[in-house]
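Here is the file run06.pdb (PDB, C-alpha atoms).
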ATOM      1  CA  MET A   1      77.196  -1.904  -3.853
ATOM      2  CA  LYS A   2      78.040  -1.630  -0.177
ATOM      3  CA  PRO A   3      75.090  -1.260   2.223
ATOM      4  CA  LEU A   4      74.155   2.355   2.936
ATOM      5  CA  THR A   5      72.840   3.986   6.077
ATOM      6  CA  GLU A   6      70.122   6.600   6.237
ATOM      7  CA  HIS A   7      72.740   9.185   7.204
ATOM      8  CA  ASP A   8      74.934   8.280   4.182
ATOM      9  CA  ILE A   9      71.937   8.593   1.877
ATOM     10  CA  ARG A  10      70.731  11.960   3.184
ATOM     11  CA  ALA A  11      74.246  13.445   3.070
ATOM     12  CA  SER A  12      74.814  12.374  -0.560
ATOM     13  CA  PHE A  13      72.273  14.567  -2.358
ATOM     14  CA  VAL A  14      73.735  17.146  -4.730
ATOM     15  CA  ASN A  15      70.547  18.651  -6.159
ATOM     16  CA  SER A  16      68.536  19.058  -2.952
ATOM     17  CA  THR A  17      68.772  21.423  -0.039
ATOM     18  CA  LYS A  18      69.661  20.028   3.384
ATOM     19  CA  GLY A  19      66.045  20.581   4.407
ATOM     20  CA  GLU A  20      64.737  18.648   1.403
ATOM     21  CA  ALA A  21      67.168  15.798   2.096
ATOM     22  CA  LYS A  22      66.072  15.735   5.740
ATOM     23  CA  ARG A  23      62.367  15.529   4.797
ATOM     24  CA  MET A  24      62.648  12.883   2.051
ATOM     25  CA  HIS A  25      61.343   9.387   2.709
ATOM     26  CA  VAL A  26      64.320   7.012   2.891
ATOM     27  CA  PRO A  27      63.478   3.296   2.422
ATOM     28  CA  LYS A  28      62.770   1.565   5.712
ATOM     29  CA  ASP A  29      64.055  -1.769   4.393
ATOM     30  CA  LEU A  30      67.724  -0.812   3.913
ATOM     31  CA  GLY A  31      68.840  -3.893   5.853
ATOM     32  CA  GLU A  32      66.860  -6.168   3.530
ATOM     33  CA  ARG A  33      67.995  -4.742   0.186
ATOM     34  CA  PRO A  34      69.925  -7.130  -2.125
ATOM     35  CA  TRP A  35      73.098  -4.988  -1.919
ATOM     36  CA  ASP A  36      75.256  -7.584  -3.713
ATOM     37  CA  SER A  37      72.967  -7.270  -6.759
ATOM     38  CA  LEU A  38      72.694  -3.463  -6.758
ATOM     39  CA  ASP A  39      74.900  -1.043  -8.661
ATOM     40  CA  PHE A  40      72.944   1.915  -7.261
ATOM     41  CA  LEU A  41      70.116   2.474  -4.804
ATOM     42  CA  GLY A  42      66.931   3.753  -6.396
ATOM     43  CA  TRP A  43      63.458   4.164  -4.898
ATOM     44  CA  THR A  44      60.163   5.983  -5.274
ATOM     45  CA  ASP A  45      58.780   8.167  -2.481
ATOM     46  CA  PRO A  46      55.749   6.290  -1.093
ATOM     47  CA  ALA A  47      54.076   9.593  -0.155
ATOM     48  CA  ALA A  48      54.681  11.198  -3.564
ATOM     49  CA  PRO A  49      54.814   8.683  -6.459
ATOM     50  CA  ASP A  50      56.092  11.370  -8.853
ATOM     51  CA  ARG A  51      59.314  11.654  -6.817
ATOM     52  CA  SER A  52      62.157   9.175  -7.005
ATOM     53  CA  TYR A  53      65.699   9.125  -5.692
ATOM     54  CA  LEU A  54      68.953   7.577  -6.853
ATOM     55  CA  VAL A  55      72.199   7.151  -4.905
ATOM     56  CA  MET A  56      75.391   5.788  -6.479
ATOM     57  CA  ASP A  57      79.091   5.705  -5.753
ATOM     58  CA  LEU A  58      80.515   8.059  -8.381
ATOM     59  CA  ASP A  59      84.301   7.953  -8.548
ATOM     60  CA  GLY A  60      84.587   7.158  -4.833
ATOM     61  CA  THR A  61      82.021   9.743  -3.746
ATOM     62  CA  LEU A  62      78.482   8.792  -2.802
ATOM     63  CA  THR A  63      76.227  10.925  -5.018
ATOM     64  CA  GLY A  64      72.462  11.182  -4.664
ATOM     65  CA  ILE A  65      69.928  12.955  -6.839
ATOM     66  CA  ALA A  66      66.235  13.686  -6.530
ATOM     67  CA  LEU A  67      64.188  12.877  -9.630
ATOM     68  CA  ARG A  68      60.721  13.871 -10.827
ATOM     69  CA  ARG A  69      58.647  11.438 -12.818
ATOM     70  CA  ALA A  70      56.800  13.001 -15.744
ATOM     71  CA  ALA A  71      53.067  12.394 -15.997
ATOM     72  CA  GLN A  72      52.218   9.591 -18.392
ATOM     73  CA  ALA A  73      50.061  10.540 -21.336
ATOM     74  CA  GLY A  74      48.782   8.676 -24.339
ATOM     75  CA  ARG A  75      48.288   5.036 -25.076
ATOM     76  CA  ALA A  76      50.200   2.117 -23.626
ATOM     77  CA  ARG A  77      53.248   1.154 -25.652
ATOM     78  CA  LYS A  78      56.552  -0.639 -25.231
ATOM     79  CA  THR A  79      59.427   1.595 -24.188
ATOM     80  CA  MET A  80      63.074   0.776 -23.478
ATOM     81  CA  CYS A  81      65.095   1.980 -20.481
ATOM     82  CA  THR A  82      68.117   4.031 -21.521
ATOM     83  CA  TRP A  83      70.330   2.507 -18.814
ATOM     84  CA  CYS A  84      69.605  -1.235 -18.669
ATOM     85  CA  LEU A  85      67.886  -1.662 -22.079
ATOM     86  CA  THR A  86      64.902  -3.462 -20.526
ATOM     87  CA  THR A  87      61.684  -3.045 -22.499
ATOM     88  CA  HIS A  88      58.509  -2.371 -20.516
ATOM     89  CA  SER A  89      54.861  -2.144 -21.503
ATOM     90  CA  GLY A  90      52.706   0.745 -20.360
ATOM     91  CA  ASP A  91      54.245   3.041 -17.763
ATOM     92  CA  GLY A  92      57.216   0.808 -16.858
ATOM     93  CA  VAL A  93      59.601   3.390 -18.338
ATOM     94  CA  SER A  94      59.244   7.048 -17.407
ATOM     95  CA  LEU A  95      60.886  10.317 -18.240
ATOM     96  CA  MET A  96      62.751  11.212 -15.069
ATOM     97  CA  SER A  97      64.080  14.725 -14.702
ATOM     98  CA  ALA A  98      66.578  15.987 -12.159
ATOM     99  CA  ARG A  99      67.157  19.568 -11.129
ATOM    100  CA  LYS A 100      70.770  20.470 -11.829
ATOM    101  CA  ALA A 101      73.059  21.027  -8.855
ATOM    102  CA  GLY A 102      74.102  24.492  -7.716
ATOM    103  CA  LYS A 103      73.207  27.839  -9.242
ATOM    104  CA  SER A 104      72.021  26.285 -12.502
ATOM    105  CA  GLY A 105      69.431  24.198 -10.639
ATOM    106  CA  GLN A 106      68.335  27.210  -8.611
ATOM    107  CA  LEU A 107      67.585  28.895 -11.940
ATOM    108  CA  GLY A 108      65.306  25.966 -12.851
ATOM    109  CA  ASN A 109      67.572  24.019 -15.205
ATOM    110  CA  THR A 110      67.007  20.266 -15.382
ATOM    111  CA  VAL A 111      68.224  17.199 -17.265
ATOM    112  CA  GLY A 112      66.136  14.155 -18.126
ATOM    113  CA  VAL A 113      66.375  10.526 -19.107
ATOM    114  CA  TYR A 114      63.960   7.678 -19.921
ATOM    115  CA  VAL A 115      64.527   4.904 -17.356
ATOM    116  CA  CYS A 116      62.758   2.079 -15.541
ATOM    117  CA  ALA A 117      60.077   3.728 -13.412
ATOM    118  CA  ASP A 118      60.948   1.507 -10.442
ATOM    119  CA  LEU A 119      64.717   2.142 -10.811
ATOM    120  CA  ALA A 120      65.369  -1.613 -10.554
ATOM    121  CA  CYS A 121      67.764  -1.678 -13.525
ATOM    122  CA  SER A 122      70.404  -3.707 -11.651
ATOM    123  CA  LEU A 123      67.871  -6.433 -10.883
ATOM    124  CA  TYR A 124      66.560  -6.558 -14.472
ATOM    125  CA  LEU A 125      70.115  -6.983 -15.810
ATOM    126  CA  ARG A 126      70.797  -9.857 -13.443
ATOM    127  CA  GLY A 127      67.470 -11.597 -14.122
ATOM    128  CA  LYS A 128      66.352 -11.142 -10.500
ATOM    129  CA  LYS A 129      63.332  -9.139 -11.638
ATOM    130  CA  SER A 130      61.371  -9.501 -14.864
ATOM    131  CA  ALA A 131      59.356  -7.009 -16.874
ATOM    132  CA  GLY A 132      57.629  -9.878 -18.697
ATOM    133  CA  PRO A 133      58.308 -12.061 -21.722
ATOM    134  CA  GLY A 134      60.499 -10.426 -24.348
ATOM    135  CA  SER A 135      61.572  -7.601 -22.079
ATOM    136  CA  ARG A 136      65.294  -8.408 -22.286
ATOM    137  CA  PHE A 137      67.138  -8.959 -25.540
ATOM    138  CA  LYS A 138      69.730 -11.698 -25.732
ATOM    139  CA  GLU A 139      73.015  -9.809 -25.804
ATOM    140  CA  SER A 140      76.488 -10.915 -26.778
ATOM    141  CA  LEU A 141      77.928  -8.792 -23.938
ATOM    142  CA  SER A 142      78.746 -10.492 -20.660
ATOM    143  CA  LEU A 143      76.855  -9.465 -17.523
ATOM    144  CA  ASP A 144      79.913  -7.509 -16.358
ATOM    145  CA  GLU A 145      79.991  -5.605 -19.661
ATOM    146  CA  GLN A 146      76.256  -4.889 -19.445
ATOM    147  CA  VAL A 147      76.679  -3.606 -15.884
ATOM    148  CA  GLU A 148      79.616  -1.461 -17.004
ATOM    149  CA  ARG A 149      77.509   0.020 -19.833
ATOM    150  CA  MET A 150      74.638   0.757 -17.430
ATOM    151  CA  THR A 151      76.817   2.332 -14.738
ATOM    152  CA  ALA A 152      78.603   4.437 -17.382
ATOM    153  CA  GLY A 153      75.212   5.748 -18.518
ATOM    154  CA  ILE A 154      74.157   6.553 -14.958
ATOM    155  CA  SER A 155      77.521   8.180 -14.235
ATOM    156  CA  ALA A 156      77.161  10.347 -17.349
ATOM    157  CA  PHE A 157      73.684  11.412 -16.221
ATOM    158  CA  LEU A 158      74.969  12.237 -12.702
ATOM    159  CA  SER A 159      77.774  14.262 -14.270
ATOM    160  CA  ARG A 160      75.213  16.233 -16.279
ATOM    161  CA  VAL A 161      73.282  16.936 -13.059
ATOM    162  CA  ASN A 162      76.520  18.121 -11.392
ATOM    163  CA  SER A 163      77.719  20.283 -14.316
TER     164      SER A 163
END
Can the structure from this file be put into structure tokens for me?
Amino acid sequence: MKPLTEHDIRASFVNSTKGEAKRMHVPKDLGERPWDSLDFLGWTDPAAPDRSYLVMDLDGTLTGIALRRAAQAGRARKTMCTWCLTTHSGDGVSLMSARKAGKSGQLGNTVGVYVCADLACSLYLRGKKSAGPGSRFKESLSLDEQVERMTAGISAFLSRVNS
């Protein structure tokens, strides 16, 4: 992924108002992010841990979405991320919901997906971050094929937000 600026990030959001995009907390460490290892930029709002954001180049257009993390309930268990297939214990995977873009979102419609709570899927795939022993299955797919599968899943989710 190419490095992004704060302006690029704020202008990319499809399911937020301009005011919401202006008020969101953008990461302060953009210059230090491992851009060569990222397929998308994902982060959690430090002031509101139930809010996360994702920005990805979708068919040549930078597309950002605001996400809400569902409250965790019940006992700790292993859960697998839908996008990168990393297994986490406890609350490492969360149900993230996104308000749909446009009129549908204004009416309260959302879409959801179970993903890594820290949105570090790209780093888990590349082995640059670990969720612990046994968190990644040995796959016969190459890294490029795994990345393609993950980005296709994220693209499909972004399309659902935009529809």
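Between atom CA of Lys100 of chain A and atom CA of Asp50 of chain A there is a distance of 17.5 Å.
Take the candidates A:Lys2, A:Met56, A:Pro49, A:Ala117 and check each one against Gly31 of chain A using all atoms listed in the file; the shortest distance goes to A:Lys2.
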Got a sec: who's within 12 Å of Ala48 of chain A, counting all atoms listed in the file, leaving out chain neighbours fewer than 4 positions off, as a PyMOL selection string? chain A and resi 24-25+43-44+52-53+67-69
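Of the residues under consideration (A:Thr5, A:Thr17, A:Asn109, A:Thr86), A:Thr86 shows the shortest atom-to-atom contact distance to Lys129 of chain A when counting all atoms listed in the file.
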List the neighbours of segment 8-10 of chain A out to 8 Å using only C-alpha atoms; skip same-chain residues closer than 5 positions along the sequence, and give me the result as an MDAnalysis selection string. chainID A and resid 21:22 26 55 62 64
Do you know which residues the PyMOL selection byres ((chain A and resi 111) around 12) returns on this file, as a VMD selection string? chain A and resid 15 65 to 68 95 to 101 104 to 105 108 to 110 112 to 114 156 to 163
Between A:Ser140, A:Ser122, A:Ser89, A:Gln72, which residue has the minimum interatomic distance to Ile154 of chain A, considering all atoms listed in the file? A:Ser122
With the file shown as input, list the residues that the PyMOL selection byres ((chain A and resi 84) around 10) selects, as a VMD selection string. chain A and resid 80 to 83 85 to 87 115 to 116 119 to 125 136 146 to 147 149 to 151 153 to 154
Find the distance between atom CA of Leu54 of chain A and atom CA of Leu143 of chain A and write it in Å to one decimal. 21.6 Å
Report, as lines of an AutoDock Vina configuration file, the centre and edge lengths in Å (one decimal) of the axis-aligned box enclosing every listed atom of segment 138-152 of chain A, padded by 8 Å on each side.
center_x = 74.9
center_y = -3.6
center_z = -20.8
size_x = 26.3
size_y = 32.1
size_z = 28.0
Target residues per the PyMOL selection byres ((chain A and resi 36) around 8), formatted as a ChimeraX atom specification: /A:1-2,34-35,37-38
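The gap separating atom CA of Ser12 of chain A from atom CA of Leu58 of chain A is 10.6 Å, in Å to one decimal.
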Closest of A:Glu20, A:Asp118, A:Glu32, A:Asp45 to Asp91 of chain A - atom-to-atom distances counting only C-alpha atoms: A:Asp118
Counting only C-alpha atoms, what is within 10 Å of Gly134 of chain A, bar same-chain residues fewer than 3 positions away, as a PDB file with C-alpha atoms, in the frame of the given file?
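Writing the result to out.pdb gives the following:
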ATOM      1  CA  THR A  86      64.902  -3.462 -20.526  1.00  0.00           C
ATOM      2  CA  THR A  87      61.684  -3.045 -22.499  1.00  0.00           C
ATOM      3  CA  HIS A  88      58.509  -2.371 -20.516  1.00  0.00           C
ATOM      4  CA  SER A 130      61.371  -9.501 -14.864  1.00  0.00           C
ATOM      5  CA  ALA A 131      59.356  -7.009 -16.874  1.00  0.00           C
ATOM      6  CA  PHE A 137      67.138  -8.959 -25.540  1.00  0.00           C
ATOM      7  CA  LYS A 138      69.730 -11.698 -25.732  1.00  0.00           C
TER       8      LYS A 138
END
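With distances restricted to only C-alpha atoms, A:Gly102 is the closest residue to Val14 of chain A from A:Gly92, A:Gly42, A:Gly127, A:Gly102.
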Identify which of the residues A:Ala11, A:Lys18, A:Thr63, A:Pro27 lies closest to Phe40 of chain A, counting all atoms listed in the file when measuring atom-to-atom distances. A:Thr63
Would you kindly place all heavy atoms on segment 25-36 of chain A and return the model as a CSV table (one decimal), keeping the file's coordinate frame?
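Listed below is the output, out.csv:
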chain,number,residue,atom,x,y,z
A,25,HIS,N,61.6,10.7,2.2
A,25,HIS,CA,61.3,9.4,2.7
A,25,HIS,C,62.4,8.4,2.2
A,25,HIS,O,62.5,8.1,1.1
A,25,HIS,CB,60.0,8.9,2.2
A,25,HIS,CG,58.8,9.6,2.8
A,25,HIS,ND1,58.3,10.7,2.2
A,25,HIS,CD2,58.2,9.4,4.0
A,25,HIS,CE1,57.3,11.2,3.0
A,25,HIS,NE2,57.2,10.4,4.1
A,26,VAL,N,63.3,8.0,3.2
A,26,VAL,CA,64.3,7.0,2.9
A,26,VAL,C,63.7,5.6,3.1
A,26,VAL,O,62.9,5.4,4.0
A,26,VAL,CB,65.5,7.2,3.8
A,26,VAL,CG1,66.6,6.2,3.6
A,26,VAL,CG2,66.1,8.6,3.6
A,27,PRO,N,64.1,4.6,2.3
A,27,PRO,CA,63.5,3.3,2.4
A,27,PRO,C,63.7,2.8,3.8
A,27,PRO,O,64.8,2.9,4.4
A,27,PRO,CB,64.2,2.4,1.4
A,27,PRO,CG,64.8,3.4,0.4
A,27,PRO,CD,65.0,4.7,1.1
A,28,LYS,N,62.7,2.1,4.4
A,28,LYS,CA,62.8,1.6,5.7
A,28,LYS,C,63.4,0.2,5.7
A,28,LYS,O,63.8,-0.3,6.7
A,28,LYS,CB,61.4,1.5,6.3
A,28,LYS,CG,60.8,2.9,6.5
A,28,LYS,CD,59.4,2.8,7.3
A,28,LYS,CE,58.7,4.0,7.4
A,28,LYS,NZ,59.4,5.2,7.7
A,29,ASP,N,63.5,-0.4,4.5
A,29,ASP,CA,64.1,-1.8,4.4
A,29,ASP,C,65.5,-1.8,3.9
A,29,ASP,O,65.9,-2.7,3.2
A,29,ASP,CB,63.2,-2.6,3.4
A,29,ASP,CG,63.2,-2.1,2.0
A,29,ASP,OD1,63.7,-0.9,1.8
A,29,ASP,OD2,62.8,-2.8,1.1
A,30,LEU,N,66.3,-0.9,4.3
A,30,LEU,CA,67.7,-0.8,3.9
A,30,LEU,C,68.5,-2.1,4.3
A,30,LEU,O,69.3,-2.6,3.5
A,30,LEU,CB,68.4,0.4,4.5
A,30,LEU,CG,68.0,1.8,4.0
A,30,LEU,CD1,68.7,2.9,4.7
A,30,LEU,CD2,68.3,1.9,2.5
A,31,GLY,N,68.2,-2.7,5.4
A,31,GLY,CA,68.8,-3.9,5.9
A,31,GLY,C,68.5,-5.1,5.0
A,31,GLY,O,69.2,-6.1,5.0
A,32,GLU,N,67.4,-5.0,4.3
A,32,GLU,CA,66.9,-6.2,3.5
A,32,GLU,C,67.1,-6.0,2.0
A,32,GLU,O,66.8,-6.9,1.3
A,32,GLU,CB,65.4,-6.3,3.8
A,32,GLU,CG,65.0,-6.6,5.2
A,32,GLU,CD,63.6,-6.2,5.6
A,32,GLU,OE1,62.8,-6.1,4.6
A,32,GLU,OE2,63.3,-6.0,6.8
A,33,ARG,N,67.7,-4.9,1.6
A,33,ARG,CA,68.0,-4.7,0.2
A,33,ARG,C,69.0,-5.7,-0.3
A,33,ARG,O,70.0,-6.1,0.4
A,33,ARG,CB,68.5,-3.3,-0.1
A,33,ARG,CG,67.5,-2.2,0.2
A,33,ARG,CD,66.5,-2.1,-0.9
A,33,ARG,NE,65.4,-1.2,-0.6
A,33,ARG,CZ,64.9,-0.4,-1.5
A,33,ARG,NH1,65.4,-0.3,-2.7
A,33,ARG,NH2,63.9,0.4,-1.1
A,34,PRO,N,68.9,-6.2,-1.6
A,34,PRO,CA,69.9,-7.1,-2.1
A,34,PRO,C,71.2,-6.4,-2.6
A,34,PRO,O,71.5,-6.3,-3.8
A,34,PRO,CB,69.2,-7.8,-3.3
A,34,PRO,CG,68.2,-6.7,-3.8
A,34,PRO,CD,67.8,-5.9,-2.5
A,35,TRP,N,72.0,-5.9,-1.6
A,35,TRP,CA,73.1,-5.0,-1.9
A,35,TRP,C,74.1,-5.6,-2.9
A,35,TRP,O,74.7,-4.9,-3.7
A,35,TRP,CB,73.8,-4.6,-0.6
A,35,TRP,CG,72.9,-3.7,0.2
A,35,TRP,CD1,72.3,-4.1,1.4
A,35,TRP,CD2,72.5,-2.4,0.0
A,35,TRP,NE1,71.5,-3.1,1.9
A,35,TRP,CE2,71.7,-2.0,1.1
A,35,TRP,CE3,72.8,-1.4,-0.9
A,35,TRP,CZ2,71.1,-0.7,1.2
A,35,TRP,CZ3,72.3,-0.1,-0.8
A,35,TRP,CH2,71.4,0.2,0.2
A,36,ASP,N,74.3,-6.9,-2.8
A,36,ASP,CA,75.3,-7.6,-3.7
A,36,ASP,C,74.8,-7.5,-5.2
A,36,ASP,O,75.6,-7.7,-6.1
A,36,ASP,CB,75.5,-9.0,-3.3
A,36,ASP,CG,76.2,-9.2,-2.0
A,36,ASP,OD1,76.8,-8.2,-1.6
A,36,ASP,OD2,76.1,-10.3,-1.4
